[in-house]
Amino acid sequence: MENNFSKLDALIFSQKIFQLGKALWKSIEKDWQQWIKPYALNINEHHILWIAYHLDGASISDVAKFGVMHVSTAFNFSKKLEEKGYLTFSKKVEDKRNTYIRLTEKGEKLVLELLENYDLSNQTVLLGAMPLKEIYGKFPDILELMAIVRNIYGDDFMEIFQKSFDHLEKVIQEDEQKQKKALRNENQEEVV
């Protein structure tokens with residue numbers, strides 16, 4: 001690879017990423033911990049539940065890769081979630097080498113409860129992005145950041161990333177439709 005940039009350019013870029021990444025992570029970590037604290041979960045456990053929910057039968061390797069954690073970390077925290085009754089472990093007949101996790105009914109209920117109880121009002125990163133949403137009419141796409149992550153972790157990571165958000169959108173839309181239907185039924189009952 002031929003460098004078509006100076007050492008100064010590289011150093012300034014790296015330092016910007018380091019400083020901004022650390023500042024952003026501090027707020028992300030605080031927001032995330034505040035959201036999950038009432039459920040006696042830590043960030044790794046919540047992330048594993050999230051991955052298991054969206055991938056529906058993820059291998060420990062998938063959890064480690066998408067959760068950006070070591071395989072032993074993914075396994076150990078998954079074991080803790082199994083002990084709490086949120087996950088089950090299994091092997092596939094055609095793939096005895098990998099261990100797979102799946103949410104239990106209790107685990108799925110927890111994930112849905114977490115989604116339902118997400119509080120917009122105290123999320124500092126969300127609040128920090130609101131002025132951009134007001135100006136442009138949408139939240140930032142963060143395309144450059146996604147391109148950097150794609151170059152670091154690969155297309156598989158980004159495909160799983162996108163799949164999880166497509167699934168989340170579908171779940172929320174289905175829930176909204178159920179709520180509207182229930183409200184219509186309730187209103188019809190009141191009229192009768």
# chains A, B, ... in the order shown; residues from 1 in each chain; ligands from 1

$ closest_atom_pairs --of "stretch 107-149 of chain A" --to "stretch 86-100 of chain A" --cutoff "12 Å" --atoms "only C-alpha atoms" --output "Markdown table"
| residue | atom | partner | partner_atom | distance |
| --- | --- | --- | --- | --- |
| A:Gly107 | CA | A:Tyr86 | CA | 3.9 |
| A:Glu108 | CA | A:Tyr86 | CA | 7.5 |
| A:Lys109 | CA | A:Tyr86 | CA | 9.0 |
| A:Leu110 | CA | A:Tyr86 | CA | 8.0 |
| A:Val111 | CA | A:Tyr86 | CA | 9.5 |

$ select_by_dssp --residues "stretch 18-173 of chain A" --states "strand (DSSP E)" --output "ChimeraX atom specification"
/A:58-59,87-92,95-103

$ select_by_dssp --residues "stretch 18-61 of chain A" --states "alpha helix (DSSP H)" --output "ChimeraX atom specification"
/A:18-36,43-55,60-61

$ residues_around --residues "A:Ile60" --least-positions-apart "4" --cutoff "7 Å" --atoms "only C-alpha atoms" --output "ChimeraX atom specification"
/A:64,71,74-75,99-101

$ residues_around --residues "A:Ile43" --least-positions-apart "6" --cutoff "9 Å" --atoms "only C-alpha atoms" --output "PyMOL selection string"
chain A and resi 29+32-33+36

$ atom_distance --atom1 "atom CA of A:Leu183" --atom2 "atom CA of A:Tyr53"
27.4 Å

$ closest_residue --among "A:Ala129, A:Leu55, A:Ile48, A:Leu20" --to "A:Lys163" --atoms "only C-alpha atoms"
A:Leu55

$ closest_residue --among "A:Ile172, A:Leu127, A:Leu81, A:Leu49" --to "A:Phe66" --atoms "only C-alpha atoms"
A:Leu49

$ closest_residue --among "A:Gly85, A:Lys170, A:Ser59, A:Val125" --to "A:Leu24" --atoms "only C-alpha atoms"
A:Val125

$ closest_residue --among "A:Ser121, A:Val68, A:Asn187, A:Gly137" --to "A:Ile152" --atoms "only C-alpha atoms"
A:Val68
